[in-house]
Every structure is written in C-alpha cells, then in structure tokens.
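Shown below: query27.cif, with mmCIF, C-alpha atoms (C1' of nucleotides).
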data_coords
loop_
_atom_site.label_atom_id
_atom_site.label_comp_id
_atom_site.auth_asym_id
_atom_site.auth_seq_id
_atom_site.Cartn_x
_atom_site.Cartn_y
_atom_site.Cartn_z
CA MET A 5 -25.80 -10.72 -11.94
CA PRO A 6 -26.49 -7.24 -10.67
CA ARG A 7 -24.36 -7.68 -7.67
CA VAL A 8 -23.08 -4.36 -6.70
CA ARG A 9 -19.73 -5.46 -5.87
CA LYS A 10 -16.61 -3.74 -6.07
CA ARG A 11 -13.37 -5.52 -6.19
CA PRO A 12 -10.19 -4.26 -4.59
CA ALA A 13 -8.35 -5.35 -7.69
CA GLY A 14 -10.64 -3.19 -9.75
CA ALA A 15 -9.50 -0.11 -7.97
CA ALA A 16 -9.79 3.21 -9.60
CA ARG A 17 -8.02 3.70 -12.83
CA PRO A 18 -9.38 7.14 -13.38
CA ASP A 19 -7.45 7.92 -16.51
CA LYS A 20 -7.70 4.66 -18.28
CA GLU A 21 -10.89 5.23 -20.15
CA GLY A 22 -9.89 7.99 -22.50
CA PRO A 23 -11.99 11.04 -23.26
CA ALA A 24 -14.60 11.38 -20.60
CA GLY A 25 -16.86 13.27 -22.92
CA LYS A 26 -18.20 10.21 -24.56
CA ARG A 27 -21.31 9.67 -22.52
CA THR A 28 -23.56 7.71 -24.78
CA ASN A 29 -27.13 8.77 -24.99
CA THR A 30 -28.21 6.23 -27.50
CA GLU A 31 -30.00 3.73 -25.38
CA LYS A 32 -31.68 0.67 -26.67
CA PRO A 33 -35.44 0.57 -26.35
CA GLY A 34 -35.30 -1.90 -23.54
CA GLU A 35 -33.14 0.39 -21.49
CA ALA A 36 -35.36 3.38 -21.72
CA SER A 37 -37.72 1.96 -19.15
CA ALA A 38 -35.20 2.62 -16.43
CA LYS A 39 -34.51 6.27 -17.06
CA VAL A 40 -34.03 8.37 -13.98
CA GLY A 41 -37.19 10.21 -13.21
CA ASN A 42 -39.48 8.08 -15.26
CA SER A 43 -42.70 6.75 -13.90
CA SER A 44 -41.20 3.60 -12.49
CA LEU A 45 -39.15 5.67 -10.10
CA GLN A 46 -41.63 8.30 -9.10
CA GLU A 47 -42.32 6.62 -5.84
CA THR A 48 -39.09 7.57 -4.15
CA SER A 49 -39.29 10.99 -2.62
CA ALA A 50 -35.69 11.60 -3.62
CA SER A 51 -36.40 11.27 -7.30
CA ARG A 52 -39.20 13.79 -6.99
CA ASP A 53 -36.92 16.35 -5.41
CA ARG A 54 -34.18 16.07 -7.97
CA GLY A 55 -33.76 17.96 -11.17
CA LYS A 56 -33.93 21.43 -9.68
CA ASN A 57 -30.20 21.98 -9.45
CA LEU A 58 -30.29 20.52 -6.00
CA SER A 59 -27.36 18.30 -5.36
CA SER A 60 -28.42 14.80 -4.60
CA CYS A 61 -27.47 12.41 -1.87
CA TRP A 62 -26.98 8.73 -2.44
CA LEU A 63 -26.74 5.35 -0.81
CA MET A 64 -24.57 2.66 -2.38
CA LYS A 65 -24.43 -0.96 -1.30
CA SER A 66 -21.40 -3.20 -1.17
CA GLU A 67 -20.60 -6.47 0.49
CA PRO A 68 -18.03 -6.25 3.29
CA GLU A 69 -17.65 -10.01 3.74
CA SER A 70 -15.91 -12.42 1.39
CA ARG A 71 -18.09 -14.19 -1.11
CA LEU A 72 -17.02 -15.89 -4.29
CA GLU A 73 -18.77 -15.07 -7.52
CA LYS A 74 -17.49 -17.11 -10.44
CA GLY A 75 -14.40 -17.79 -8.41
CA VAL A 76 -13.72 -14.14 -7.65
CA ASP A 77 -14.05 -12.59 -4.21
CA VAL A 78 -16.48 -9.70 -4.46
CA LYS A 79 -15.81 -8.38 -0.95
CA PHE A 80 -15.45 -4.63 -0.76
CA SER A 81 -15.94 -2.91 2.58
CA ILE A 82 -15.56 0.69 3.57
CA GLU A 83 -12.22 -0.30 5.10
CA ASP A 84 -11.19 -1.58 1.70
CA LEU A 85 -12.13 1.77 0.16
CA ARG A 86 -10.17 3.62 2.82
CA ALA A 87 -7.12 1.46 2.07
CA GLN A 88 -7.08 2.33 -1.64
CA PRO A 89 -4.58 4.79 -3.08
CA LYS A 90 -6.06 8.26 -2.54
CA GLN A 91 -8.83 6.39 -0.70
CA THR A 92 -10.51 6.28 -4.08
CA ALA A 93 -12.02 3.43 -6.10
CA CYS A 94 -14.26 2.92 -9.08
CA TRP A 95 -17.72 1.61 -8.30
CA ASP A 96 -17.84 -1.16 -10.87
CA GLY A 97 -20.10 -4.14 -11.31
CA VAL A 98 -23.51 -2.46 -11.30
CA ARG A 99 -25.71 -4.45 -13.69
CA ASN A 100 -29.17 -3.08 -13.13
CA TYR A 101 -30.60 -0.32 -15.29
CA GLN A 102 -32.17 1.71 -12.53
CA ALA A 103 -29.01 1.63 -10.48
CA ARG A 104 -26.93 2.47 -13.53
CA ASN A 105 -29.08 5.46 -14.32
CA PHE A 106 -28.60 6.78 -10.83
CA LEU A 107 -24.85 6.38 -11.29
CA ARG A 108 -25.15 8.46 -14.44
CA ALA A 109 -27.05 11.16 -12.56
CA MET A 110 -24.33 11.60 -9.95
CA LYS A 111 -22.38 14.86 -9.91
CA LEU A 112 -18.91 15.66 -8.64
CA GLN A 113 -18.67 16.15 -4.88
CA GLU A 114 -22.08 14.70 -4.12
CA GLU A 115 -22.10 12.59 -1.00
CA ALA A 116 -23.09 8.96 -0.64
CA PHE A 117 -23.57 6.61 2.27
CA PHE A 118 -21.49 3.45 2.08
CA TYR A 119 -23.92 0.67 2.97
CA HIS A 120 -22.77 -2.79 4.01
CA SER A 121 -25.07 -5.48 2.63
CA ASN A 122 -25.35 -9.26 2.73
CA CYS A 123 -23.38 -9.51 5.95
CA ARG A 124 -23.63 -10.16 9.66
CA GLU A 125 -24.58 -6.60 10.43
CA PRO A 126 -26.08 -4.72 7.52
CA GLY A 127 -26.19 -0.95 7.73
CA ILE A 128 -24.54 2.36 6.97
CA ALA A 129 -20.84 2.35 7.69
CA GLY A 130 -19.61 5.69 6.42
CA LEU A 131 -19.56 8.50 3.95
CA MET A 132 -17.92 8.90 0.59
CA LYS A 133 -18.15 11.40 -2.25
CA ILE A 134 -18.25 11.27 -6.02
CA VAL A 135 -14.90 12.27 -7.48
CA LYS A 136 -15.45 11.21 -11.08
CA GLU A 137 -18.76 11.22 -12.90
CA ALA A 138 -20.07 8.28 -14.89
CA TYR A 139 -17.83 6.62 -17.46
CA PRO A 140 -17.82 3.14 -18.98
CA ASP A 141 -17.37 0.25 -16.55
CA HIS A 142 -14.40 -1.64 -17.97
CA THR A 143 -15.37 -4.87 -16.23
CA GLN A 144 -18.26 -5.42 -18.64
CA PHE A 145 -15.70 -6.26 -21.35
CA GLU A 146 -13.48 -8.55 -19.26
CA LYS A 147 -14.27 -12.19 -19.94
CA ASN A 148 -12.97 -13.41 -16.63
CA ASN A 149 -14.77 -10.80 -14.58
CA PRO A 150 -17.84 -11.98 -12.67
CA HIS A 151 -19.73 -9.04 -14.17
CA TYR A 152 -18.69 -9.66 -17.77
CA ASP A 153 -21.51 -8.80 -20.15
CA PRO A 154 -21.04 -10.36 -23.57
CA SER A 155 -23.96 -8.35 -24.92
CA SER A 156 -22.22 -5.04 -24.33
CA LYS A 157 -20.16 -3.59 -27.18
CA GLU A 158 -17.05 -1.46 -26.83
CA ASP A 159 -18.48 1.20 -29.12
CA ASN A 160 -21.69 1.41 -27.12
CA PRO A 161 -21.08 0.35 -23.53
CA LYS A 162 -24.13 -0.61 -21.53
CA TRP A 163 -22.78 -0.15 -18.03
CA SER A 164 -21.30 2.80 -16.23
CA MET A 165 -19.39 3.44 -13.05
CA VAL A 166 -18.26 6.42 -11.03
CA ASP A 167 -15.22 6.96 -8.84
CA VAL A 168 -15.81 7.44 -5.15
CA GLN A 169 -13.52 8.69 -2.40
CA PHE A 170 -13.70 7.84 1.28
CA VAL A 171 -14.82 10.79 3.39
CA ARG A 172 -15.21 9.40 6.89
CA MET A 173 -16.63 6.59 8.94
CA MET A 174 -19.97 7.18 10.59
CA LYS A 175 -19.45 8.30 14.18
CA ARG A 176 -21.25 5.11 14.96
CA PHE A 177 -22.43 2.34 12.64
CA ILE A 178 -26.12 2.80 11.77
CA PRO A 179 -27.68 -0.65 11.56
CA LEU A 180 -30.37 -1.52 9.05
CA ALA A 181 -32.64 -2.60 11.90
CA GLU A 182 -32.51 0.87 13.39
CA LEU A 183 -33.25 2.52 10.07
CA LYS A 184 -36.15 0.15 9.61
CA THR A 185 -37.59 1.04 13.00
CA HIS A 186 -37.54 4.71 12.04
CA HIS A 187 -38.94 3.98 8.59
CA GLN A 188 -41.89 2.16 10.07
CA ALA A 189 -42.55 4.85 12.64
CA HIS A 190 -42.26 7.54 9.98
CA ARG A 191 -44.78 5.82 7.76
CA ALA A 192 -47.30 6.50 10.48
CA THR A 193 -46.12 9.96 11.47
CA GLY A 194 -44.99 11.31 8.10
CA GLY A 195 -41.39 11.53 9.27
CA PRO A 196 -38.36 11.91 7.02
CA LEU A 197 -37.71 8.22 6.36
CA LYS A 198 -41.25 7.34 5.38
CA ASN A 199 -40.38 6.79 1.70
CA MET A 200 -36.74 5.79 2.02
CA ALA A 201 -35.72 3.79 -1.03
CA LEU A 202 -33.83 1.27 1.08
CA PHE A 203 -37.24 -0.07 2.08
CA THR A 204 -39.48 0.95 -0.78
CA ARG A 205 -37.13 -0.20 -3.58
CA GLN A 206 -35.78 -3.16 -1.78
CA ARG A 207 -33.12 -4.48 -4.10
CA LEU A 208 -31.80 -1.32 -5.67
CA SER A 209 -28.05 -1.17 -5.04
CA VAL A 210 -27.56 2.49 -5.92
CA GLN A 211 -30.30 4.76 -4.69
CA PRO A 212 -31.08 8.43 -4.12
CA LEU A 213 -31.86 10.02 -0.78
CA THR A 214 -33.60 13.30 -0.15
CA ARG A 215 -31.70 15.91 1.82
CA GLU A 216 -34.17 15.28 4.62
CA GLU A 217 -33.45 11.56 4.64
CA PHE A 218 -29.74 12.20 4.51
CA ASP A 219 -29.76 14.76 7.33
CA PHE A 220 -31.99 12.64 9.50
CA ILE A 221 -29.63 9.69 9.19
CA LEU A 222 -26.67 11.92 10.03
CA SER A 223 -28.52 13.10 13.12
CA LEU A 224 -28.75 9.49 14.30
CA GLU A 225 -24.99 9.48 14.75
CA GLU A 226 -25.37 11.73 17.78
CA LYS A 227 -27.95 9.53 19.43
CA GLU A 228 -27.74 6.36 21.41
CA PRO A 229 -28.56 3.24 19.43
CA SER A 230 -32.30 2.72 19.63
"C1'" DG B 8 -46.59 -7.36 -25.50
"C1'" DC B 9 -48.09 -10.86 -22.04
"C1'" DC B 10 -46.52 -13.55 -18.50
"C1'" DA B 11 -44.42 -17.87 -16.56
"C1'" DA B 12 -40.02 -19.43 -15.59
"C1'" DC B 13 -35.85 -18.25 -14.00
"C1'" DG B 14 -32.06 -15.86 -11.62
"C1'" DT B 15 -30.46 -12.53 -8.25
"C1'" DT B 16 -30.61 -9.74 -4.04
"C1'" DG B 17 -30.03 -9.59 0.48
"C1'" DG B 18 -32.33 -9.89 5.17
"C1'" DC B 19 -32.97 -13.12 8.51
"C1'" DG C 29 -29.14 -21.90 4.21
"C1'" DC C 30 -33.88 -20.33 3.41
"C1'" DC C 31 -36.79 -17.83 0.82
"C1'" DA C 32 -39.56 -13.43 -0.35
"C1'" DA C 33 -39.14 -9.81 -3.44
"C1'" DC C 34 -38.51 -8.50 -7.80
"C1'" DG C 35 -35.87 -7.75 -12.23
"C1'" DT C 36 -34.92 -10.25 -16.63
"C1'" DT C 37 -35.61 -13.57 -20.27
"C1'" DG C 38 -37.82 -15.78 -23.85
"C1'" DG C 39 -41.74 -18.51 -25.81
"C1'" DC C 40 -45.81 -17.62 -27.80
#
Take the structure in the file and give it back as structure tokens.
Amino acid sequence: MPRVRKRPAGAARPDKEGPAGKRTNTEKPGEASAKVGNSSLQETSASRDRGKNLSSCWLMKSEPESRLEKGVDVKFSIEDLRAQPKQTACWDGVRNYQARNFLRAMKLQEEAFFYHSNCREPGIAGLMKIVKEAYPDHTQFEKNNPHYDPSSKEDNPKWSMVDVQFVRMMKRFIPLAELKTHHQAHRATGGPLKNMALFTRQRLSVQPLTREEFDFILSLEEKEPS
DNA sequence: GCCAACGTTGGC
DNA sequence: GCCAACGTTGGC
C-alpha cells in the first residue's frame, strides 16, 4: 500500500480542498507512534536538528517507470512533474504514518530532492520545493484509486499531501550507488552522510535531510561521478 | 500488548 | 523476478 506514487492524473488541484486551516490534530492512538520527533525517529540526524526554526530539507521518492497498481499506472518522474501546469503537482498516495508526518512538517519554500526509485537507475534526479503545506489527500476517498483507504473518514482524514513545484534538474544525476559509497565511507570517517535516512530508514518514502547532508549532495553535482 | 503471519518497498 | 527489510494486522 504505502507506495509513494504520484499520478499525472492526480495533478495539483490546489484549491479543491476548501479551507486549508483544517489541519486535524486529533490522531487515533495507533497513529501517535509515528509522530515527527518521537523516539522512533530519533536516529536520523535530520530529525534531531529540526524544531529550532531551521528550515528543513527533504527527499521524496517516486517511481519514474511505468508500473500498474490495481490497474493504474503509478509512474511519476521528475519529467512528469516538470510537464505539469505551473510545474506543480500534489504529492498524493503516501500511506505510511512516518512519511505522512514528515509531509505535515513541511513548510512553504522548503526544498526537496526528487528521488527516482524502483527503476533501472535509482537516484536523485532533481530539486523541487514545497508550494502548499499539508492538506487532505483526496485519493484516500476515491474507490477506484490504488491508494483508496476505506478506513479513512471525510470528517477526519488520515492521509495528507503537499504540493510541490519543480525547481531544476540536478546538474548531473546522482545515483544511489554513489550516495551509498559516500554513506559507507562517512560511517567510518564521521562525514556528512553517515546517518542519511535513505540508508538508515530504508523504506521511508518521505524523509528529512540535514542541511549538511543536503549541501554535501549538492556539492557532488560539481564532481565527476565516483 | 505480544508476536507470527502477511504485505509492501525497492535494490539488485 | 528474487528476496531482505520492515511496517501492519489480527489472534490470542
């Protein structure tokens, strides 16, 4: 279920959801375990550094190659984002509490890496930014949507999404394998990627990065592939 | 509230 | 297509 996917057809409908002020705080007991900053997330260095008015950086995964889920193609690449009106889309389909809580922590204008997953060449393809903070993910109520959640009620939606806007492609694609090489080296040397969530929280589709992680990855653009 | 069974993620 | 990692479900 918690496929990250985005669908081109689900493109941003920023004004469809009504008053944006309705962020529900009334979580069910089972959901509380995934709160941002709780003990289960303390291990990522990014979550430690947040909460001090520092703007956060993010990494968000999406599948760039076609794959059918309940008969619907869940492909959504950075090229697909760039092709949207205003180069903007809603990031729907997140069905994991930790990932959802990170979506809810995102602030306007924060930057996120667009990560290509489950594909021939996984890695970071480009940059986007948050242009609308968390609001209810409409796909949870759509019976024919692959991410339909019959347990979610309209008056208390479980799942959230944000709107993202394309910023730019990476100057060069940064492959997962290269990031992993640095991660492993940094575990020994104490370098910036030593705790990167991509490796320490393997399956999390929306994840925070520290400024140091973010800047280090940007610096890789200027280097030859390693 | 434990924990085995199950389902999903996503690299390889 | 395989399968390890790991989140979720549900019986007890």
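Going from CA of Trp95 in chain A to CA of Glu73 in chain A covers 16.7 Å.
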Grab the CA of Arg215 in chain A to CA of Phe117 in chain A distance for me, in Å with one decimal place.
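One can read the CA of Arg215 in chain A to CA of Phe117 in chain A distance as 12.4 Å.
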Using only C-alpha atoms (C1' of nucleotides), which of the listed residues (A:Leu72, A:Leu131, A:Leu208, A:Leu197) sits closest to chain C?
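Checking each of A:Leu72, A:Leu131, A:Leu208, A:Leu197 against chain C, counting only C-alpha atoms (C1' of nucleotides), the winner is A:Leu208.
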Spatial sel., origin (-34.6, -5.8, -8.0), limit 10 Å, all atoms listed in the file, listed as a PyMOL selection string:
(chain A and resi 6+100-103+205-209) or (chain B and resi 15-16) or (chain C and resi 33-36)
Show which residues sit within 12 Å of DC9 in chain B, as a ChimeraX atom specification. Count all atoms listed in the file, and ignore same-chain residues fewer than 3 positions away.
/C:38-40
Residue nearest chain B - candidates A:Leu85, A:Thr185, A:Gln91, A:Ser66, atoms counted: all atoms listed in the file
A:Ser66
Quick one: distance from CA of Lys133 in chain A to CA of Asn105 in chain A in Å, one decimal?
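So the answer is 17.3 Å.
Residues in contact range of Phe170 in chain A, defined as at most 12 Å between all atoms listed in the file, with sequence neighbours fewer than 5 positions away removed, read Ser81, Ile82, Glu83, Asp84, Leu85, Arg86, Ala87, Gln88, Pro89, Lys90, Gln91, Thr92, Ala93, Cys94, Gln113, Glu115, Ala116, Phe117, Phe118, Ala129, Gly130, Leu131, Met132, Lys133, Ile134 and Val135 of chain A.
Proximity to chain B was assessed for A:Ser70, A:Gln144, A:Ser156, A:Asn122 counting all atoms listed in the file; the smallest distance is recorded for A:Asn122.
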Measuring atom to atom with only C-alpha atoms (C1' of nucleotides), identify which of A:Met174, A:Leu213, A:Met110, A:Leu202 is nearest to chain B.
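Among A:Met174, A:Leu213, A:Met110, A:Leu202, it is A:Leu202 that comes nearest to chain B.
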